[in-house]
Each structure stands twice: as structure tokens, then as C-alpha cells.
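Undergrad: Got a structure for you, data-v5.cif, holding mmCIF, C-alpha atoms.
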data_model
loop_
_atom_site.label_atom_id
_atom_site.label_comp_id
_atom_site.auth_asym_id
_atom_site.auth_seq_id
_atom_site.Cartn_x
_atom_site.Cartn_y
_atom_site.Cartn_z
CA MET U 1 221.41 23.15 -88.55
CA ALA U 2 224.70 24.94 -87.91
CA GLU U 3 226.28 26.70 -90.85
CA GLU U 4 229.02 24.64 -92.49
CA THR U 5 232.50 25.96 -91.84
CA ARG U 6 234.95 26.51 -94.67
CA LEU U 7 237.07 23.59 -93.45
CA ALA U 8 234.05 21.28 -93.32
CA LEU U 9 232.99 22.33 -96.83
CA VAL U 10 236.45 21.61 -98.25
CA ARG U 11 236.58 18.22 -96.54
CA ARG U 12 233.10 17.29 -97.78
CA ALA U 13 233.87 18.46 -101.32
CA ARG U 14 237.06 16.40 -101.44
CA LYS U 15 235.22 13.34 -100.11
CA ILE U 16 232.70 13.74 -102.93
CA ASN U 17 235.51 13.96 -105.47
CA ARG U 18 237.12 10.78 -104.12
CA ALA U 19 233.77 8.97 -104.19
CA LEU U 20 233.15 10.06 -107.78
CA ALA U 21 236.63 8.85 -108.73
CA ASP U 22 235.67 5.39 -107.45
CA VAL U 23 232.35 5.41 -109.35
CA TYR U 24 233.72 6.86 -112.60
CA PRO U 25 237.36 5.71 -112.94
CA TYR U 26 236.83 5.93 -116.70
CA ALA U 27 235.55 9.54 -116.70
CA HIS U 28 236.81 11.43 -119.75
CA CYS U 29 235.92 14.05 -122.33
CA GLU U 30 232.93 12.59 -124.20
CA LEU U 31 233.67 14.26 -127.52
CA ASP U 32 235.18 11.87 -130.07
CA HIS U 33 238.55 13.18 -131.27
CA VAL U 34 242.02 11.99 -132.19
CA ASN U 35 243.89 15.28 -132.02
CA ALA U 36 243.69 18.83 -130.69
CA TRP U 37 242.22 20.19 -133.91
CA GLN U 38 239.29 17.79 -133.82
CA LEU U 39 238.69 18.39 -130.11
CA LEU U 40 238.69 22.16 -130.59
CA VAL U 41 236.14 22.06 -133.40
CA ALA U 42 233.99 19.48 -131.63
CA THR U 43 233.91 21.58 -128.46
CA VAL U 44 232.77 24.66 -130.36
CA LEU U 45 230.07 22.60 -132.05
CA SER U 46 228.89 21.21 -128.68
CA ALA U 47 227.30 24.51 -127.61
CA GLN U 48 223.54 24.14 -127.17
CA THR U 49 223.52 20.48 -128.18
CA THR U 50 224.64 17.09 -126.88
CA ASP U 51 228.08 15.54 -127.23
CA LEU U 52 226.34 12.61 -128.90
CA ARG U 53 224.96 14.82 -131.67
CA VAL U 54 228.39 16.34 -132.22
CA ASN U 55 230.00 12.90 -132.33
CA GLN U 56 227.49 11.83 -134.97
CA VAL U 57 228.32 14.85 -137.15
CA THR U 58 232.10 15.20 -136.89
CA PRO U 59 233.19 12.04 -138.75
CA ALA U 60 231.89 13.40 -142.06
CA LEU U 61 233.14 16.91 -141.25
CA PHE U 62 236.70 15.77 -140.51
CA ALA U 63 236.75 13.37 -143.43
CA LYS U 64 236.14 16.33 -145.74
CA TYR U 65 238.18 18.92 -143.80
CA PRO U 66 240.92 17.05 -141.88
CA ARG U 67 243.16 20.09 -141.28
CA PRO U 68 242.66 23.74 -140.34
CA ALA U 69 243.76 24.84 -143.82
CA ASP U 70 241.07 22.64 -145.38
CA LEU U 71 238.28 24.13 -143.30
CA ALA U 72 239.59 27.68 -143.62
CA GLY U 73 239.02 27.52 -147.38
CA ALA U 74 235.71 25.67 -147.26
CA ASP U 75 232.46 26.83 -148.83
CA PRO U 76 230.30 27.88 -145.82
CA VAL U 77 227.21 26.35 -147.42
CA ASP U 78 228.88 22.94 -147.52
CA VAL U 79 229.98 23.23 -143.89
CA GLU U 80 226.52 24.35 -142.79
CA GLU U 81 224.96 21.29 -144.34
CA LEU U 82 227.38 18.96 -142.56
CA ILE U 83 226.89 20.47 -139.11
CA ARG U 84 223.19 21.36 -139.42
CA PRO U 85 222.08 18.68 -136.87
CA THR U 86 224.02 20.44 -134.10
CA GLY U 87 221.80 23.52 -134.29
CA PHE U 88 222.81 27.17 -134.76
CA PHE U 89 224.71 25.85 -137.76
CA ARG U 90 225.26 29.20 -139.48
CA ALA U 91 226.85 30.81 -136.41
CA LYS U 92 228.86 27.67 -135.72
CA THR U 93 230.06 27.58 -139.33
CA ARG U 94 231.33 31.15 -138.98
CA SER U 95 233.10 30.20 -135.76
CA ILE U 96 234.85 27.04 -136.95
CA THR U 97 235.86 28.41 -140.36
CA GLY U 98 237.01 31.60 -138.66
CA LEU U 99 239.07 29.80 -136.05
CA ALA U 100 240.54 27.59 -138.78
CA ALA U 101 241.61 30.66 -140.72
CA ALA U 102 243.08 32.23 -137.58
CA ILE U 103 245.04 29.06 -136.75
CA VAL U 104 246.49 29.04 -140.27
CA ALA U 105 247.28 32.77 -140.30
CA ASP U 106 248.49 33.26 -136.73
CA PHE U 107 249.69 29.87 -135.49
CA ASP U 108 251.23 28.19 -138.55
CA GLY U 109 248.30 25.81 -138.85
CA MET U 110 248.78 24.35 -135.34
CA VAL U 111 246.27 24.55 -132.49
CA PRO U 112 247.74 26.87 -129.84
CA LYS U 113 248.45 25.27 -126.47
CA THR U 114 247.62 28.08 -124.07
CA THR U 115 244.33 29.57 -122.93
CA ALA U 116 245.65 33.05 -123.70
CA ASP U 117 246.10 32.11 -127.37
CA LEU U 118 243.07 29.86 -127.70
CA VAL U 119 240.61 32.52 -126.56
CA LYS U 120 241.81 34.76 -129.38
CA LEU U 121 240.17 32.37 -131.83
CA PRO U 122 236.58 33.04 -133.00
CA GLY U 123 234.00 31.20 -130.90
CA VAL U 124 236.52 30.05 -128.28
CA GLY U 125 236.04 31.02 -124.63
CA ARG U 126 237.61 29.85 -121.39
CA LYS U 127 235.46 26.72 -121.15
CA THR U 128 236.45 25.57 -124.64
CA SER U 129 240.09 26.41 -124.04
CA PHE U 130 240.19 24.34 -120.84
CA VAL U 131 238.65 21.36 -122.62
CA VAL U 132 241.41 21.52 -125.21
CA THR U 133 244.37 22.23 -122.91
CA GLY U 134 243.24 19.61 -120.39
CA ASN U 135 242.45 16.80 -122.82
CA ALA U 136 244.14 17.23 -126.21
CA CYS U 137 247.11 15.19 -127.33
CA ALA U 138 250.37 16.98 -126.56
CA CYS U 139 252.19 15.82 -129.70
CA ASP U 140 249.69 17.35 -132.13
CA ASP U 141 252.03 20.20 -133.02
CA SER U 142 253.85 17.94 -135.47
CA ARG U 143 250.90 16.20 -137.14
CA ALA U 144 247.78 18.23 -136.41
CA GLY U 145 244.96 17.12 -138.65
CA ASP U 146 246.29 13.63 -139.41
CA PRO U 147 243.13 11.50 -139.10
CA ASP U 148 245.04 8.63 -137.50
CA HIS U 149 247.16 10.70 -135.16
CA GLY U 150 246.36 10.40 -131.48
CA ALA U 151 243.88 7.55 -131.88
CA ASN U 152 245.63 5.58 -129.17
CA VAL U 153 247.48 8.42 -127.48
CA HIS U 154 246.25 9.89 -124.22
CA THR U 155 249.01 12.36 -123.39
CA PRO U 156 247.27 15.70 -122.80
CA PHE U 157 248.70 19.17 -123.20
CA GLY U 158 248.86 18.85 -119.42
CA VAL U 159 247.30 22.16 -118.39
CA PRO U 160 244.81 21.60 -115.54
CA GLY U 161 241.55 23.51 -115.66
CA ILE U 162 238.01 23.55 -114.32
CA THR U 163 235.49 23.34 -117.15
CA VAL U 164 232.29 25.03 -116.00
CA ASP U 165 229.56 23.75 -118.28
CA THR U 166 225.84 23.50 -117.49
CA HIS U 167 226.17 20.22 -115.59
CA PHE U 168 229.20 21.32 -113.58
CA GLY U 169 227.67 24.62 -112.50
CA ARG U 170 224.38 22.99 -111.58
CA LEU U 171 225.94 20.28 -109.43
CA VAL U 172 228.46 22.40 -107.54
CA ARG U 173 225.65 24.77 -106.58
CA ARG U 174 223.43 21.82 -105.60
CA TRP U 175 226.28 20.54 -103.41
CA LYS U 176 226.74 24.02 -101.86
CA TRP U 177 230.34 24.30 -102.99
CA THR U 178 229.48 27.74 -104.35
CA GLU U 179 226.52 30.07 -104.78
CA GLN U 180 227.98 31.81 -107.81
CA GLU U 181 226.22 31.78 -111.20
CA ASP U 182 228.91 33.40 -113.34
CA PRO U 183 231.14 30.63 -114.79
CA GLU U 184 234.39 32.47 -114.10
CA LYS U 185 233.42 33.06 -110.46
CA VAL U 186 232.36 29.42 -110.14
CA GLU U 187 235.71 28.40 -111.61
CA ALA U 188 237.64 30.57 -109.14
CA GLU U 189 235.77 29.26 -106.08
CA ILE U 190 236.06 25.59 -107.04
CA CYS U 191 239.73 25.96 -107.94
CA ALA U 192 240.30 27.22 -104.39
CA ILE U 193 238.83 24.01 -102.92
CA PHE U 194 240.90 21.45 -104.84
CA PRO U 195 244.59 21.02 -105.67
CA LYS U 196 245.45 21.94 -109.22
CA SER U 197 246.27 18.35 -110.09
CA GLU U 198 242.60 17.41 -109.61
CA TRP U 199 240.97 20.14 -111.69
CA THR U 200 240.65 18.42 -115.06
CA MET U 201 239.51 15.03 -113.75
CA LEU U 202 237.16 16.67 -111.25
CA SER U 203 235.46 18.39 -114.18
CA HIS U 204 234.96 15.06 -115.97
CA ARG U 205 233.66 13.29 -112.86
CA VAL U 206 231.14 15.99 -112.03
CA VAL U 207 229.85 16.12 -115.62
CA PHE U 208 229.58 12.33 -115.75
CA HIS U 209 227.59 12.35 -112.52
CA GLY U 210 225.30 15.12 -113.76
CA ARG U 211 224.55 13.28 -116.98
CA ARG U 212 224.02 9.89 -115.41
CA ILE U 213 222.57 10.28 -111.91
CA CYS U 214 222.20 13.85 -110.64
CA HIS U 215 219.82 15.09 -113.33
CA SER U 216 218.48 18.61 -113.42
CA ARG U 217 214.76 17.96 -113.00
CA ARG U 218 214.64 14.56 -111.38
CA PRO U 219 217.90 13.44 -109.76
CA ALA U 220 218.15 9.77 -108.88
CA CYS U 221 218.87 10.39 -105.19
CA GLY U 222 218.04 6.82 -104.16
CA ALA U 223 220.76 5.46 -106.46
CA CYS U 224 223.36 8.13 -105.74
CA PRO U 225 226.71 7.02 -104.28
CA ILE U 226 227.31 10.38 -102.62
CA ALA U 227 223.86 10.77 -101.05
CA PRO U 228 225.21 10.97 -97.46
CA LEU U 229 227.42 13.89 -98.47
CA CYS U 230 224.78 15.80 -100.46
CA PRO U 231 222.87 18.69 -98.83
CA ALA U 232 220.27 18.44 -101.61
CA TYR U 233 219.41 14.79 -100.98
CA GLY U 234 215.65 14.34 -101.31
CA GLU U 235 215.15 16.79 -104.16
CA GLY U 236 214.80 13.77 -106.44
CA GLU U 237 213.53 10.21 -106.25
CA THR U 238 214.72 8.55 -103.02
CA ASP U 239 213.20 5.09 -103.51
CA PRO U 240 216.16 2.92 -104.63
CA GLU U 241 214.21 0.85 -107.15
CA LYS U 242 212.47 3.85 -108.71
CA ALA U 243 215.76 5.79 -108.74
CA LYS U 244 217.52 2.99 -110.66
CA LYS U 245 215.05 3.47 -113.49
CA LEU U 246 216.21 7.08 -113.85
CA LEU U 247 219.86 6.20 -114.46
CA LYS U 248 221.25 7.09 -117.87
CA TYR U 249 223.94 5.83 -120.23
CA GLU U 250 226.09 3.01 -118.92
CA MET U 251 224.52 3.30 -115.45
CA GLY U 252 221.20 2.37 -116.99
CA GLY U 253 222.61 -0.12 -119.48
CA GLN U 254 222.20 2.30 -122.39
CA PRO U 255 224.65 3.54 -125.06
CA GLY U 256 226.84 6.43 -124.04
CA GLN U 257 227.61 9.68 -125.84
CA ARG U 258 230.54 8.43 -127.89
CA LEU U 259 230.64 6.48 -131.13
CA SER U 260 234.27 5.60 -130.35
CA PRO U 261 234.59 5.27 -126.56
CA PRO U 262 237.91 4.40 -124.90
CA ALA U 263 238.71 0.78 -124.19
CA ASP U 264 237.99 1.05 -120.47
CA TYR U 265 234.53 2.56 -120.94
CA PRO U 266 231.92 0.06 -119.64
CA GLY U 267 229.01 1.29 -121.74
CA LYS U 268 227.91 0.61 -125.30
CA PRO U 269 229.03 2.80 -128.22
CA ALA U 270 226.38 5.18 -129.51
CA ALA U 271 224.89 4.75 -132.97
CA PRO U 272 225.95 6.86 -135.98
CA LEU U 273 223.65 9.59 -137.25
CA GLY U 274 220.58 8.13 -138.90
CA ALA U 275 221.15 4.59 -137.63
CA ALA U 276 218.12 2.64 -136.55
CA GLY U 277 217.47 2.46 -132.82
#
Represent the supplied structure as C-alpha cells.
TA:
Amino acid sequence: MAEETRLALVRRARKINRALADVYPYAHCELDHVNAWQLLVATVLSAQTTDLRVNQVTPALFAKYPRPADLAGADPVDVEELIRPTGFFRAKTRSITGLAAAIVADFDGMVPKTTADLVKLPGVGRKTSFVVTGNACACDDSRAGDPDHGANVHTPFGVPGITVDTHFGRLVRRWKWTEQEDPEKVEAEICAIFPKSEWTMLSHRVVFHGRRICHSRRPACGACPIAPLCPAYGEGETDPEKAKKLLKYEMGGQPGQRLSPPADYPGKPAAPLGAAG
């Protein structure tokens, strides 16, 4: 087979993005939040665990510590107990109490809106900063920490960014968009393929696809809408009926990651922590 030209790669990648947009018109950040403060903390907590586990933990955390100033002065032992189910709870407690203190001391209690400022906070890297700048409510600077603020507002900070998490990196390498392993190099190569206006939504679509169909160990190739465009087709189950049984979340008729999904999400809400089933 002839080597794919750069032009052919870009065209194929953009076709995949358009196909994913048709399959996942409701793609979004799967961390429950109503403002930038909650999204920032939830994203830090999501390291090495699922969004579902974070979503099950954060309601109690934010009820007790609704604002950065509240968490900055918290007893670490109390915080550790609340976030214990997310794993690495001691390190995560240091990160979220530390970033809360830094927001209070350096940013007047408001979540900063730029990557340059966000990455100065403890436990915040480029991936976390892009989640916040691409998805957080833009009007949080006036009411950050208000539990009701942003509940029905979907106006983001408006800063496009590619969020290279485990799913994103795995899929773009599987699709031969890049061979890079380093997240920043992956980010740079993918950014060069797509217009800036697509970066944030592309990230959501790819992650949705990785969680639902294109799994790491056993992708559901026979149920994949982009199979004709995928150079890795055949690595997983190709029989359509067997592949359907591998689908997850709303694709498989199961609850999604969120306890409070948006109105246009077709799946079922997930259960709170400790709920039966």
C-alpha cells in the first residue's frame, strides 16, 4: 500500500471529525460542573480515575467547600475523606487545597482564564487548563463558587484547545494522525491538521468515541461508524452483532458518566456514590 500523503491524511482526518460530529452531536465535557471553579477541581480529581467516580464525589465536596476560599482553609483530613474514592487522595488534596489558596492569594478568588495563569496553580497542567478554558462558563468571574451559577449556561471562556488525555492520544495514533507519544507533541501535530475553531469539540468527540466504541483492548470495529476511514480496522471485533455487545454508555443502553447530563444527552444519568445498581 502506498504511503499516505500529507494532503490525504488531512482530508481523512477531517472526514473522521465530521463523521464523529454526526454520531455525537451532544459530545461535551463529562465532568459535572456549574462553574469554572468546580470544573477546575473536578479535572484535577479526574487523574487516574473515571469521570463517573469524580462526579459521584464532587457534590459533597462542593456542598462543603463551594468557593476557593472555603477549600483553601479546609482541614486536609476532611478533604481527603471526601475525595478518597478518586484514588491518590492525599496528593489530590494537596493539589486542590493548594490551587484554592493560590487562586485566593494571586487571582482575587477567581479562576484565571488563560493557560499561562492556570498552569501556575498546583496540580494544573496544559491538559487541565484546556479543559477549563474550552468548557468553563465565561461569566464566572463575577460569581465563582455560587452553587447555582452556570447550571443552565453554556457560554465557555471561548479559548479553543486540544485536550490530549489517554483516550485522545490512543485514538489519534490508532488513526495514524500522529506517531507521537508526548502529549505536547501530539497536541501540536493535531492542531496543525484542524482549524482552531474545531479543537475543543474535536477533543470531546474523540474522547466520546474512545469511551464508547474504540476501546483500548477490544474496539467494536463492526459497529464503528468510521470503519472505512480507519487504518486500524480489524484490530477489534468485526462481526456487527458481536461488536454491538461491546458498546458502552448510551451506545449500549447504559448510564453515562454524568449524574447531571445536559438536556440533549440521550443516555441515562449515572447513579450517585453508593446507590444500588
Undergrad: I need the residue nearest Val104 of chain U from this list: U:Glu80, U:Glu179, U:Asp117, U:Asp70. Use only C-alpha atoms for the distance.
TA: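 Distance minimum relative to Val104 of chain U lands on U:Asp70.
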Undergrad: Kindly extract all protein, DNA and RNA residues lying within 12 Å of the coordinates (237.2, 23.7, -109.5) given in the file, considering all atoms listed in the file, and supply them as JSON, numbers by chain.
TA: {"U": [10, 13, 14, 17, 130, 160, 161, 162, 163, 164, 165, 168, 169, 171, 172, 173, 177, 178, 183, 184, 185, 186, 187, 188, 189, 190, 191, 192, 193, 194, 195, 196, 197, 198, 199, 200, 201, 202, 203, 204, 205, 206]}
Undergrad: Starting from the PyMOL selection byres ((chain U and resi 233) around 10), expand the selection into actual residues of this file and give them as an mmCIF file with C-alpha atoms, in the frame of the given file.
TA:
data_model
loop_
_atom_site.group_PDB
_atom_site.id
_atom_site.type_symbol
_atom_site.label_atom_id
_atom_site.label_comp_id
_atom_site.auth_asym_id
_atom_site.auth_seq_id
_atom_site.Cartn_x
_atom_site.Cartn_y
_atom_site.Cartn_z
ATOM 1 C CA ARG U 174 223.430 21.820 -105.600
ATOM 2 C CA TRP U 175 226.280 20.540 -103.410
ATOM 3 C CA PRO U 219 217.900 13.440 -109.760
ATOM 4 C CA ALA U 220 218.150 9.770 -108.880
ATOM 5 C CA CYS U 221 218.870 10.390 -105.190
ATOM 6 C CA GLY U 222 218.040 6.820 -104.160
ATOM 7 C CA CYS U 224 223.360 8.130 -105.740
ATOM 8 C CA ILE U 226 227.310 10.380 -102.620
ATOM 9 C CA ALA U 227 223.860 10.770 -101.050
ATOM 10 C CA PRO U 228 225.210 10.970 -97.460
ATOM 11 C CA LEU U 229 227.420 13.890 -98.470
ATOM 12 C CA CYS U 230 224.780 15.800 -100.460
ATOM 13 C CA PRO U 231 222.870 18.690 -98.830
ATOM 14 C CA ALA U 232 220.270 18.440 -101.610
ATOM 15 C CA GLY U 234 215.650 14.340 -101.310
ATOM 16 C CA GLU U 235 215.150 16.790 -104.160
ATOM 17 C CA GLY U 236 214.800 13.770 -106.440
ATOM 18 C CA GLU U 237 213.530 10.210 -106.250
ATOM 19 C CA THR U 238 214.720 8.550 -103.020
#
Undergrad: Check what the PyMOL selection byres ((chain U and resi 95) around 10) selects in the file above and give those residues as a list in words.
TA: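 Those residues are Val41, Val44, Leu45, Phe89, Arg90, Ala91, Lys92, Thr93, Arg94, Ile96, Thr97, Gly98, Leu99, Ala100, Ala101, Leu121, Pro122, Gly123 and Val124 of chain U.
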Undergrad: From (236.1, 18.5, -141.9), in the file's coordinates, out to 12 Å: which residues are reached, counting all atoms listed in the file? Answer as a VMD selection string.
TA: chain U and resid 37 to 38 41 to 42 57 to 76 78 to 83 93 96 to 97 100 145 to 147
Undergrad: May I have the residues from that selection written out with C-alpha atoms, as a PDB file, keeping the file's coordinate frame?
TA:
ATOM      1  CA  TRP U  37     242.220  20.190-133.910  1.00  0.00           C
ATOM      2  CA  GLN U  38     239.290  17.790-133.820  1.00  0.00           C
ATOM      3  CA  VAL U  41     236.140  22.060-133.400  1.00  0.00           C
ATOM      4  CA  ALA U  42     233.990  19.480-131.630  1.00  0.00           C
ATOM      5  CA  VAL U  57     228.320  14.850-137.150  1.00  0.00           C
ATOM      6  CA  THR U  58     232.100  15.200-136.890  1.00  0.00           C
ATOM      7  CA  PRO U  59     233.190  12.040-138.750  1.00  0.00           C
ATOM      8  CA  ALA U  60     231.890  13.400-142.060  1.00  0.00           C
ATOM      9  CA  LEU U  61     233.140  16.910-141.250  1.00  0.00           C
ATOM     10  CA  PHE U  62     236.700  15.770-140.510  1.00  0.00           C
ATOM     11  CA  ALA U  63     236.750  13.370-143.430  1.00  0.00           C
ATOM     12  CA  LYS U  64     236.140  16.330-145.740  1.00  0.00           C
ATOM     13  CA  TYR U  65     238.180  18.920-143.800  1.00  0.00           C
ATOM     14  CA  PRO U  66     240.920  17.050-141.880  1.00  0.00           C
ATOM     15  CA  ARG U  67     243.160  20.090-141.280  1.00  0.00           C
ATOM     16  CA  PRO U  68     242.660  23.740-140.340  1.00  0.00           C
ATOM     17  CA  ALA U  69     243.760  24.840-143.820  1.00  0.00           C
ATOM     18  CA  ASP U  70     241.070  22.640-145.380  1.00  0.00           C
ATOM     19  CA  LEU U  71     238.280  24.130-143.300  1.00  0.00           C
ATOM     20  CA  ALA U  72     239.590  27.680-143.620  1.00  0.00           C
ATOM     21  CA  GLY U  73     239.020  27.520-147.380  1.00  0.00           C
ATOM     22  CA  ALA U  74     235.710  25.670-147.260  1.00  0.00           C
ATOM     23  CA  ASP U  75     232.460  26.830-148.830  1.00  0.00           C
ATOM     24  CA  PRO U  76     230.300  27.880-145.820  1.00  0.00           C
ATOM     25  CA  ASP U  78     228.880  22.940-147.520  1.00  0.00           C
ATOM     26  CA  VAL U  79     229.980  23.230-143.890  1.00  0.00           C
ATOM     27  CA  GLU U  80     226.520  24.350-142.790  1.00  0.00           C
ATOM     28  CA  GLU U  81     224.960  21.290-144.340  1.00  0.00           C
ATOM     29  CA  LEU U  82     227.380  18.960-142.560  1.00  0.00           C
ATOM     30  CA  ILE U  83     226.890  20.470-139.110  1.00  0.00           C
ATOM     31  CA  THR U  93     230.060  27.580-139.330  1.00  0.00           C
ATOM     32  CA  ILE U  96     234.850  27.040-136.950  1.00  0.00           C
ATOM     33  CA  THR U  97     235.860  28.410-140.360  1.00  0.00           C
ATOM     34  CA  ALA U 100     240.540  27.590-138.780  1.00  0.00           C
ATOM     35  CA  GLY U 145     244.960  17.120-138.650  1.00  0.00           C
ATOM     36  CA  ASP U 146     246.290  13.630-139.410  1.00  0.00           C
ATOM     37  CA  PRO U 147     243.130  11.500-139.100  1.00  0.00           C
TER      38      PRO U 147
END
Undergrad: When you look at Gln257 of chain U with a cut-off of 7 Å (counting all atoms listed in the file), what residues show up, excluding the ones that are within fewer than 5 positions of it in the same chain? I need them as a PyMOL selection string.
TA: chain U and resi 30+51-52+270
Undergrad: For a quick check of understanding, using only C-alpha atoms, which of U:Gln180, U:Ser46, U:Asn55, U:Thr86 has the smallest distance to Thr128 of chain U?
TA: U:Ser46
Undergrad: U:Asp182, U:Lys242, U:Ala36, U:Pro225: which is nearest Lys15 of chain U, counting only C-alpha atoms?
TA: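 Of U:Asp182, U:Lys242, U:Ala36, U:Pro225, the one nearest Lys15 of chain U is U:Pro225, counting only C-alpha atoms.
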Undergrad: So which one's closest to Leu39 of chain U, U:Gly274, U:Lys248, U:Asn135, U:His209? Using all atoms listed in the file, please.
TA: U:Asn135
Undergrad: So how far away is atom CA of Leu31 of chain U from atom CA of Val54 of chain U, in Å?
TA: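 The value is 7.4 Å.
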